[in-house]
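Peer 1: Data: target_1.txt, compact mmCIF, C-alpha atoms.
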```
# COMPACT_ATOMS: atom_id res chain seq x y z
CA MET A 1 138.96 12.42 -120.02
CA LYS A 2 137.57 8.91 -120.25
CA ASN A 3 134.39 8.11 -118.35
CA ILE A 4 134.54 5.10 -116.02
CA SER A 5 131.53 2.88 -115.46
CA ILE A 6 130.24 2.39 -111.94
CA GLY A 7 131.43 -1.23 -112.01
CA GLU A 8 134.97 -0.24 -113.01
CA MET A 9 134.99 2.56 -110.41
CA ALA A 10 133.91 0.14 -107.71
CA LYS A 11 136.83 -2.16 -108.58
CA ILE A 12 139.38 0.69 -108.71
CA CYS A 13 138.25 2.08 -105.34
CA ASN A 14 137.69 -1.34 -103.76
CA VAL A 15 134.11 -0.54 -102.77
CA SER A 16 130.81 -2.07 -103.76
CA ILE A 17 128.54 -0.75 -106.50
CA GLN A 18 125.86 -0.41 -103.83
CA THR A 19 128.16 1.91 -101.86
CA LEU A 20 128.66 4.21 -104.85
CA ARG A 21 124.91 4.25 -105.49
CA TYR A 22 124.38 5.16 -101.83
CA TYR A 23 126.92 8.00 -102.01
CA ASP A 24 125.06 9.28 -105.07
CA LYS A 25 121.67 8.99 -103.37
CA ILE A 26 122.74 11.06 -100.34
CA ASN A 27 124.61 13.59 -102.49
CA LEU A 28 127.98 12.79 -100.94
CA ILE A 29 129.69 12.22 -104.27
CA LYS A 30 127.81 12.30 -107.56
CA PRO A 31 128.83 10.55 -110.79
CA ALA A 32 130.33 12.87 -113.40
CA ALA A 33 127.74 11.83 -115.96
CA ARG A 34 124.62 9.73 -116.35
CA ASN A 35 123.35 8.10 -119.54
CA PRO A 36 119.83 9.49 -120.05
CA GLU A 37 118.74 6.38 -121.95
CA ASN A 38 119.65 3.68 -119.42
CA ASN A 39 120.50 5.84 -116.35
CA TYR A 40 123.98 4.27 -116.11
CA ARG A 41 126.40 6.22 -113.91
CA TYR A 42 129.89 7.23 -115.11
CA TYR A 43 132.79 8.65 -113.13
CA LEU A 44 136.05 10.48 -113.85
CA ILE A 45 139.41 9.10 -112.79
CA SER A 46 139.93 12.29 -110.76
CA GLN A 47 137.06 11.20 -108.51
CA VAL A 48 139.00 8.16 -107.30
CA PHE A 49 140.87 10.25 -104.75
CA GLN A 50 137.61 11.87 -103.58
CA ILE A 51 136.16 8.43 -102.89
CA ASN A 52 139.36 7.36 -101.14
CA ILE A 53 139.08 10.39 -98.85
CA ILE A 54 135.55 9.35 -97.93
CA LYS A 55 136.72 5.76 -97.29
CA TYR A 56 139.54 7.07 -95.07
CA LEU A 57 137.17 9.21 -93.04
CA GLN A 58 134.70 6.35 -92.65
CA TYR A 59 137.48 4.06 -91.51
CA SER A 60 138.42 6.75 -88.98
CA GLY A 61 134.99 6.31 -87.46
CA LEU A 62 133.23 9.39 -88.81
CA SER A 63 129.55 9.28 -89.60
CA ILE A 64 128.23 10.29 -93.02
CA GLU A 65 127.13 13.67 -91.65
CA GLU A 66 130.52 14.24 -90.05
CA ILE A 67 132.21 13.36 -93.35
CA ARG A 68 129.93 15.75 -95.22
CA LYS A 69 130.85 18.52 -92.78
CA SER A 70 134.58 17.81 -92.92
CA LEU A 71 134.71 17.99 -96.72
CA ASP A 72 134.06 21.74 -96.54
CA LEU A 73 136.76 22.44 -93.93
CA THR A 74 140.33 23.57 -94.57
CA GLY A 75 143.45 24.44 -92.58
CA ASN A 76 143.03 25.03 -88.85
CA ASP A 77 139.30 24.31 -88.98
CA LEU A 78 139.98 20.86 -90.39
CA ALA A 79 142.76 20.21 -87.83
CA ASN A 80 140.47 21.25 -84.96
CA PHE A 81 137.68 19.08 -86.32
CA LEU A 82 139.94 16.03 -86.49
CA HIS A 83 141.35 16.76 -83.03
CA GLN A 84 137.81 16.71 -81.63
CA GLN A 85 137.17 13.43 -83.42
CA SER A 86 140.32 12.01 -81.83
CA LEU A 87 139.07 12.99 -78.37
CA GLU A 88 135.74 11.31 -79.05
CA ILE A 89 137.51 8.14 -80.16
CA ASP A 90 139.56 8.20 -76.94
CA ASP A 91 136.28 8.38 -75.02
CA GLN A 92 134.86 5.46 -77.01
CA ILE A 93 137.99 3.42 -76.28
CA ARG A 94 137.60 4.10 -72.55
CA ARG A 95 133.95 3.01 -72.68
CA LEU A 96 134.88 -0.17 -74.57
CA GLN A 97 137.62 -0.90 -72.06
CA ARG A 98 135.09 -0.51 -69.25
CA SER A 99 132.73 -2.86 -71.10
CA GLN A 100 135.51 -5.40 -71.50
CA GLN A 101 136.34 -5.12 -67.80
CA LEU A 102 132.70 -5.77 -66.91
CA ILE A 103 132.51 -8.80 -69.21
CA ASN A 104 135.78 -10.23 -67.91
CA GLY A 105 134.61 -9.53 -64.38
CA GLN A 106 131.36 -11.38 -65.02
CA ILE A 107 133.36 -14.35 -66.34
CA GLU A 108 135.46 -14.19 -63.16
CA GLN A 109 132.33 -14.12 -60.99
CA LEU A 110 130.82 -17.09 -62.81
CA SER A 111 134.08 -18.97 -62.34
CA ASP A 112 133.95 -18.15 -58.64
CA LEU A 113 130.34 -19.31 -58.50
CA ASN A 114 131.39 -22.56 -60.14
CA GLU A 115 133.93 -23.03 -57.33
CA ILE A 116 131.18 -22.47 -54.77
CA GLN A 117 128.96 -25.07 -56.43
CA LYS A 118 131.68 -27.69 -56.11
CA HIS A 119 130.86 -27.78 -52.38
CA PRO A 120 127.67 -29.32 -50.98
CA LEU A 121 125.03 -26.66 -50.40
CA GLY A 122 124.15 -26.16 -46.77
CA LYS A 123 127.49 -27.57 -45.55
CA VAL A 124 130.39 -25.56 -44.09
CA TYR A 125 133.57 -25.61 -46.17
CA GLN A 126 136.86 -23.80 -46.42
CA ARG A 127 138.17 -22.15 -49.56
CA HIS A 128 140.76 -19.60 -50.61
CA ILE A 129 139.42 -16.35 -52.03
CA GLU A 130 141.68 -13.91 -53.84
CA GLN A 131 141.36 -10.22 -53.08
CA GLN A 132 138.25 -8.65 -54.61
CA SER A 133 137.89 -4.92 -55.14
CA ILE A 134 134.55 -3.63 -53.91
CA ILE A 135 132.65 -0.40 -53.60
CA GLN A 136 130.81 -0.25 -50.32
CA ILE A 137 128.56 2.30 -48.68
CA PRO A 138 127.22 2.24 -45.12
CA ALA A 139 123.63 1.20 -44.61
CA GLN A 140 121.73 4.40 -43.85
CA GLN A 141 118.87 2.57 -42.17
CA THR A 142 118.25 -0.79 -40.59
CA ILE A 143 118.40 -3.56 -43.19
CA THR A 144 118.15 -7.21 -42.23
CA PRO A 145 117.96 -10.46 -44.23
CA MET A 146 114.19 -10.19 -43.76
CA ASP A 147 114.09 -7.03 -45.92
CA TYR A 148 114.07 -6.51 -49.67
CA PRO A 149 117.08 -4.23 -50.28
CA ASP A 150 116.59 -3.67 -54.01
CA LYS A 151 116.15 0.08 -53.50
CA GLU A 152 119.47 0.35 -51.65
CA MET A 153 121.27 -1.70 -54.30
CA SER A 154 119.75 0.52 -56.99
CA GLU A 155 121.15 3.58 -55.21
CA LEU A 156 124.59 1.95 -55.23
CA ASP A 157 124.22 1.22 -58.95
CA GLU A 158 123.22 4.84 -59.57
CA LEU A 159 126.34 6.02 -57.75
CA LEU A 160 128.49 3.78 -59.93
CA ILE A 161 126.79 4.87 -63.17
CA LYS A 162 127.45 8.53 -62.32
CA ASN A 163 131.12 7.64 -62.05
CA GLY A 164 131.40 5.90 -65.40
CA THR A 165 130.91 2.27 -64.47
CA ILE A 166 128.13 -0.02 -63.23
CA GLY A 167 127.50 -2.71 -60.68
CA ASN A 168 127.13 -6.36 -61.53
CA LEU A 169 124.91 -9.34 -60.87
CA GLN A 170 125.84 -9.73 -57.21
CA TYR A 171 124.17 -8.56 -54.05
CA GLY A 172 126.64 -7.96 -51.24
CA PHE A 173 126.40 -7.04 -47.57
CA SER A 174 128.55 -7.31 -44.48
CA TYR A 175 127.82 -7.46 -40.78
CA PRO A 176 129.57 -8.48 -37.52
CA LEU A 177 129.95 -12.12 -36.57
CA LYS A 178 127.85 -12.48 -33.41
CA ASN A 179 125.35 -14.77 -31.70
CA TYR A 180 122.06 -13.98 -33.43
CA GLN A 181 118.83 -15.62 -32.34
CA ASN A 182 116.64 -14.32 -35.17
CA LEU A 183 117.12 -12.60 -38.50
CA ASN A 184 115.85 -9.24 -37.25
CA GLU A 185 118.93 -9.04 -35.03
CA ILE A 186 121.24 -9.14 -38.06
CA HIS A 187 121.79 -5.55 -39.19
CA TYR A 188 123.79 -5.08 -42.35
CA THR A 189 126.48 -2.47 -41.75
CA GLN A 190 127.72 -2.16 -45.34
CA ILE A 191 126.16 -2.54 -48.79
CA LEU A 192 128.72 -3.61 -51.38
CA THR A 193 129.31 -4.74 -54.91
CA GLN A 194 132.39 -6.03 -56.66
CA VAL A 195 134.04 -3.69 -59.18
CA PHE A 196 136.49 -4.56 -61.91
CA THR A 197 138.21 -1.20 -62.27
CA THR A 198 139.82 1.07 -59.70
CA ASP A 199 139.63 4.04 -62.07
CA ILE A 200 136.73 5.57 -60.15
CA SER A 201 138.19 8.87 -59.01
CA GLU A 202 135.17 10.26 -57.17
CA LEU A 203 134.50 6.97 -55.38
CA LYS A 204 137.98 6.42 -53.95
CA SER A 205 136.64 6.89 -50.42
CA HIS A 206 134.24 3.97 -51.00
CA LEU A 207 136.81 1.69 -52.65
CA GLU A 208 137.68 -1.23 -50.38
CA SER A 209 138.51 -4.88 -50.82
CA ILE A 210 137.50 -8.28 -49.55
CA PRO A 211 140.95 -9.44 -48.38
CA ASP A 212 142.87 -12.29 -49.94
CA GLY A 213 142.87 -15.33 -47.67
CA ASP A 214 141.27 -18.54 -46.49
CA TYR A 215 137.58 -18.30 -45.62
CA LEU A 216 135.13 -20.50 -43.82
CA CYS A 217 131.96 -20.52 -45.93
CA ILE A 218 128.51 -21.92 -46.34
CA ALA A 219 126.40 -21.63 -49.51
CA PHE A 220 122.69 -22.12 -50.14
CA TYR A 221 119.88 -21.01 -52.39
CA TRP A 222 118.46 -17.87 -50.85
CA SER A 223 115.88 -18.67 -48.19
CA ARG A 224 114.72 -16.52 -45.29
CA LYS A 225 113.40 -19.60 -43.52
CA LYS A 226 116.76 -21.39 -43.59
CA TYR A 227 119.16 -18.42 -43.48
CA LEU A 228 119.57 -18.35 -39.69
CA ASN A 229 120.17 -22.09 -39.53
CA TYR A 230 122.92 -21.85 -42.13
CA TYR A 231 124.44 -18.84 -40.39
CA GLN A 232 124.50 -20.63 -37.04
CA LYS A 233 126.24 -23.64 -38.63
CA LEU A 234 128.95 -21.33 -39.94
CA LYS A 235 129.24 -19.44 -36.65
CA GLN A 236 129.52 -22.62 -34.60
CA GLU A 237 132.30 -24.11 -36.71
CA PHE A 238 134.17 -20.81 -36.92
CA THR A 239 134.02 -20.39 -33.14
CA GLN A 240 135.37 -23.91 -32.65
CA LYS A 241 138.36 -23.11 -34.82
CA HIS A 242 138.83 -19.51 -33.61
CA PRO A 243 137.18 -19.15 -30.17
CA ASN A 244 138.60 -15.69 -29.50
CA ASN A 245 138.29 -14.28 -33.01
CA ILE A 246 135.85 -11.52 -33.91
CA GLY A 247 135.06 -11.57 -37.61
CA THR A 248 133.08 -9.90 -40.35
CA VAL A 249 130.51 -11.88 -42.28
CA TYR A 250 130.36 -11.21 -46.01
CA GLU A 251 127.05 -12.19 -47.57
CA ILE A 252 127.50 -12.51 -51.34
CA SER A 253 124.55 -13.54 -53.51
CA SER A 254 124.96 -14.35 -57.21
CA VAL A 255 122.95 -15.75 -60.10
CA ASP A 256 124.30 -18.18 -62.69
CA ARG A 257 121.85 -17.24 -65.43
CA TYR A 258 120.43 -14.09 -67.01
CA GLY A 259 116.92 -15.55 -67.07
CA TYR A 260 116.36 -14.40 -63.48
CA ARG A 261 112.96 -15.39 -62.12
CA GLY A 262 113.11 -14.35 -58.47
CA GLU A 263 115.31 -14.09 -55.40
CA ASN A 264 115.25 -17.87 -54.89
CA ASP A 265 117.53 -18.08 -57.95
CA PHE A 266 120.31 -16.44 -55.94
CA ILE A 267 123.04 -18.66 -54.57
CA CYS A 268 124.10 -17.01 -51.33
CA GLU A 269 127.53 -17.57 -49.80
CA LEU A 270 128.27 -16.49 -46.23
CA ARG A 271 132.00 -16.19 -45.67
CA VAL A 272 134.24 -15.30 -42.73
CA GLN A 273 137.99 -14.90 -43.08
CA MET A 274 140.12 -17.27 -41.04
CA SER A 275 143.20 -15.81 -39.31
```
Starting from the file, lay out its structure as structure tokens.

Peer 2:
Amino acid sequence: MKNISIGEMAKICNVSIQTLRYYDKINLIKPAARNPENNYRYYLISQVFQINIIKYLQYSGLSIEEIRKSLDLTGNDLANFLHQQSLEIDDQIRRLQRSQQLINGQIEQLSDLNEIQKHPLGKVYQRHIEQQSIIQIPAQQTITPMDYPDKEMSELDELLIKNGTIGNLQYGFSYPLKNYQNLNEIHYTQILTQVFTTDISELKSHLESIPDGDYLCIAFYWSRKKYLNYYQKLKQEFTQKHPNNIGTVYEISSVDRYGYRGENDFICELRVQMS
């Protein structure tokens, strides 16, 4: 049977010479012969199908070690091995879909932030907000705008990670619309974050939504000194339009860059739904 040079074999199998050298180096498939004078590698035509099997398995997503293991399997053992690989691919697809949902969700949030920035900061405005799915948990202790709630947000993130997803780049809280005279009177009732998938089986009891509708809003760069003033502007205008309405304030803080330097980078929007 005629020997085939490594260059010819690479062309026949549609792989690179470097790939065949690598297969040889790791003892995955060895050349049939080697010229002792110049160390040239030579293959048999019967090895073409062996290389094609390896290409097929690589294309299927198997690692070199998994390929090496599969080459020794036959019958039911091989079928079971491939079935397990199929399950792992299904899991990878689900993780990639979650990643895509997070990326698309981040794009959506940045688009929403762009809408916010079309309005003058520190001025009350009205805008329509489409329904947003959120995970929310009750505040277990008193948290006010004067506090630093990073620990509580981290606990919410941990809860999401345990259920196969993750939070995002928003801080979110809610509290009743009332007459507050200082920030220590504002007690957050719920801690929340937007989610971009409802496939969170163990968190169904925490899955809520910010309703679709028209909202009265005010936005500003996060500031404890100015927060109450901005809140009171929103409350006053809302009361003028809806004197008998009791509402919920959603405080949503977002960043428009990944180079986060501190909490003053957050653009905070206070929003109350109009009836």

Peer 1: Got a sec: who's within 12 Å of Gly122 in chain A, counting only C-alpha atoms, leaving out chain neighbours fewer than 5 positions off, as a ChimeraX atom specification?

Peer 2: /A:116-117,217-223,226-234,267-270

Peer 1: Tell me, as a list of chain:residue names, which residues lie within 8 Å of Glu208 in chain A, counting only C-alpha atoms; anything in the same chain fewer than 6 positions away does not count.

Peer 2: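 The residues that qualify are A:Ser133, A:Ile134, A:Ile135, A:Gln136.
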
Peer 1: Pick out the closest residue to Glu152 in chain A from this set: A:Asn179, A:Gln140, A:Gln240, A:Asn14. Count all atoms listed in the file.

Peer 2: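 Closest candidate: A:Gln140.
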
Peer 1: Between CA of Tyr23 in chain A and CA of Ile93 in chain A, measure the distance and give it in Å to one decimal.

Peer 2: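 Computing the Euclidean distance for CA of Tyr23 in chain A and CA of Ile93 in chain A yields 28.4 Å.
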
Peer 1: Which is closer to Lys69 in chain A than all the others in A:Ile89, A:Glu130, A:Asp212, A:Phe81, using only C-alpha atoms?

Peer 2: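 Looking at the shortest contact to Lys69 in chain A, the residue is A:Phe81.
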
Peer 1: Rank nothing, just name the residue among A:Gly172, A:Gly105, A:Gly61, A:Pro120 nearest to Ile137 in chain A, using all atoms listed in the file.

Peer 2: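 Under the stated criterion, the closest residue is A:Gly172.
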
Peer 1: Using all atoms listed in the file, which residue out of A:Asn245, A:Arg34, A:Ser46, A:Tyr125 lies closest to Lys2 in chain A?

Peer 2: A:Ser46

Peer 1: Taking into account all atoms listed in the file, which residue in the set A:Lys30, A:Tyr180, A:Asp157, A:Ile103 is nearest to Gln236 in chain A?

Peer 2: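 Among A:Lys30, A:Tyr180, A:Asp157, A:Ile103, it is A:Tyr180 that comes nearest to Gln236 in chain A.
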
Peer 1: Counting all atoms listed in the file, which residues have an atom no more than 12 Å from (122.8, 5.7, -44.7) in the file's coordinates? Please list them as a list of chain:residue names.

Peer 2: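 Within 12 Å of (122.8, 5.7, -44.7), the protein and nucleic acid residues are A:Gln136, A:Ile137, A:Pro138, A:Ala139, A:Gln140, A:Gln141, A:Thr142, A:Ile143, A:Glu152, A:Glu155, A:Leu156, A:Tyr188, A:Thr189, A:Gln190, A:Ile191.
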
Peer 1: Restrict the selected residues to C-alpha atoms and save them as a PDB file, in the coordinates of the input.

Peer 2:
```
ATOM      1  CA  GLN A 136     130.810  -0.250 -50.320  1.00  0.00           C
ATOM      2  CA  ILE A 137     128.560   2.300 -48.680  1.00  0.00           C
ATOM      3  CA  PRO A 138     127.220   2.240 -45.120  1.00  0.00           C
ATOM      4  CA  ALA A 139     123.630   1.200 -44.610  1.00  0.00           C
ATOM      5  CA  GLN A 140     121.730   4.400 -43.850  1.00  0.00           C
ATOM      6  CA  GLN A 141     118.870   2.570 -42.170  1.00  0.00           C
ATOM      7  CA  THR A 142     118.250  -0.790 -40.590  1.00  0.00           C
ATOM      8  CA  ILE A 143     118.400  -3.560 -43.190  1.00  0.00           C
ATOM      9  CA  GLU A 152     119.470   0.350 -51.650  1.00  0.00           C
ATOM     10  CA  GLU A 155     121.150   3.580 -55.210  1.00  0.00           C
ATOM     11  CA  LEU A 156     124.590   1.950 -55.230  1.00  0.00           C
ATOM     12  CA  TYR A 188     123.790  -5.080 -42.350  1.00  0.00           C
ATOM     13  CA  THR A 189     126.480  -2.470 -41.750  1.00  0.00           C
ATOM     14  CA  GLN A 190     127.720  -2.160 -45.340  1.00  0.00           C
ATOM     15  CA  ILE A 191     126.160  -2.540 -48.790  1.00  0.00           C
TER      16      ILE A 191
END
```

Peer 1: Using only C-alpha atoms for the distances, tell me which of A:Glu37, A:Val48, A:Arg224, A:Ile161 is nearest to Arg98 in chain A.

Peer 2: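 Selected residue with least distance to Arg98 in chain A: A:Ile161.
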
Peer 1: Give me, please, the distance in Å between CA of Val249 in chain A and CA of Leu192 in chain A, quoted to one decimal.

Peer 2: 12.4 Å

Peer 1: Find the spatial neighbours of Leu44 in chain A, counting only C-alpha atoms, within a cut-off of 8 Å - ignore same-chain residues fewer than 5 positions away - and output them as a count of residues only.

Peer 2: 6

Peer 1: Could you please determine the separation between CA of Ile64 in chain A and CA of Ile6 in chain A in Å, to one decimal place?

Peer 2: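 These two atoms are separated by 20.6 Å.
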
Peer 1: Would you mind listing what lies within 12 Å of Arg21 in chain A as a PyMOL selection string, with all atoms listed in the file counted and same-chain residues fewer than 6 positions away left out?

Peer 2: chain A and resi 6-7+9-10+15+27-31+39-43
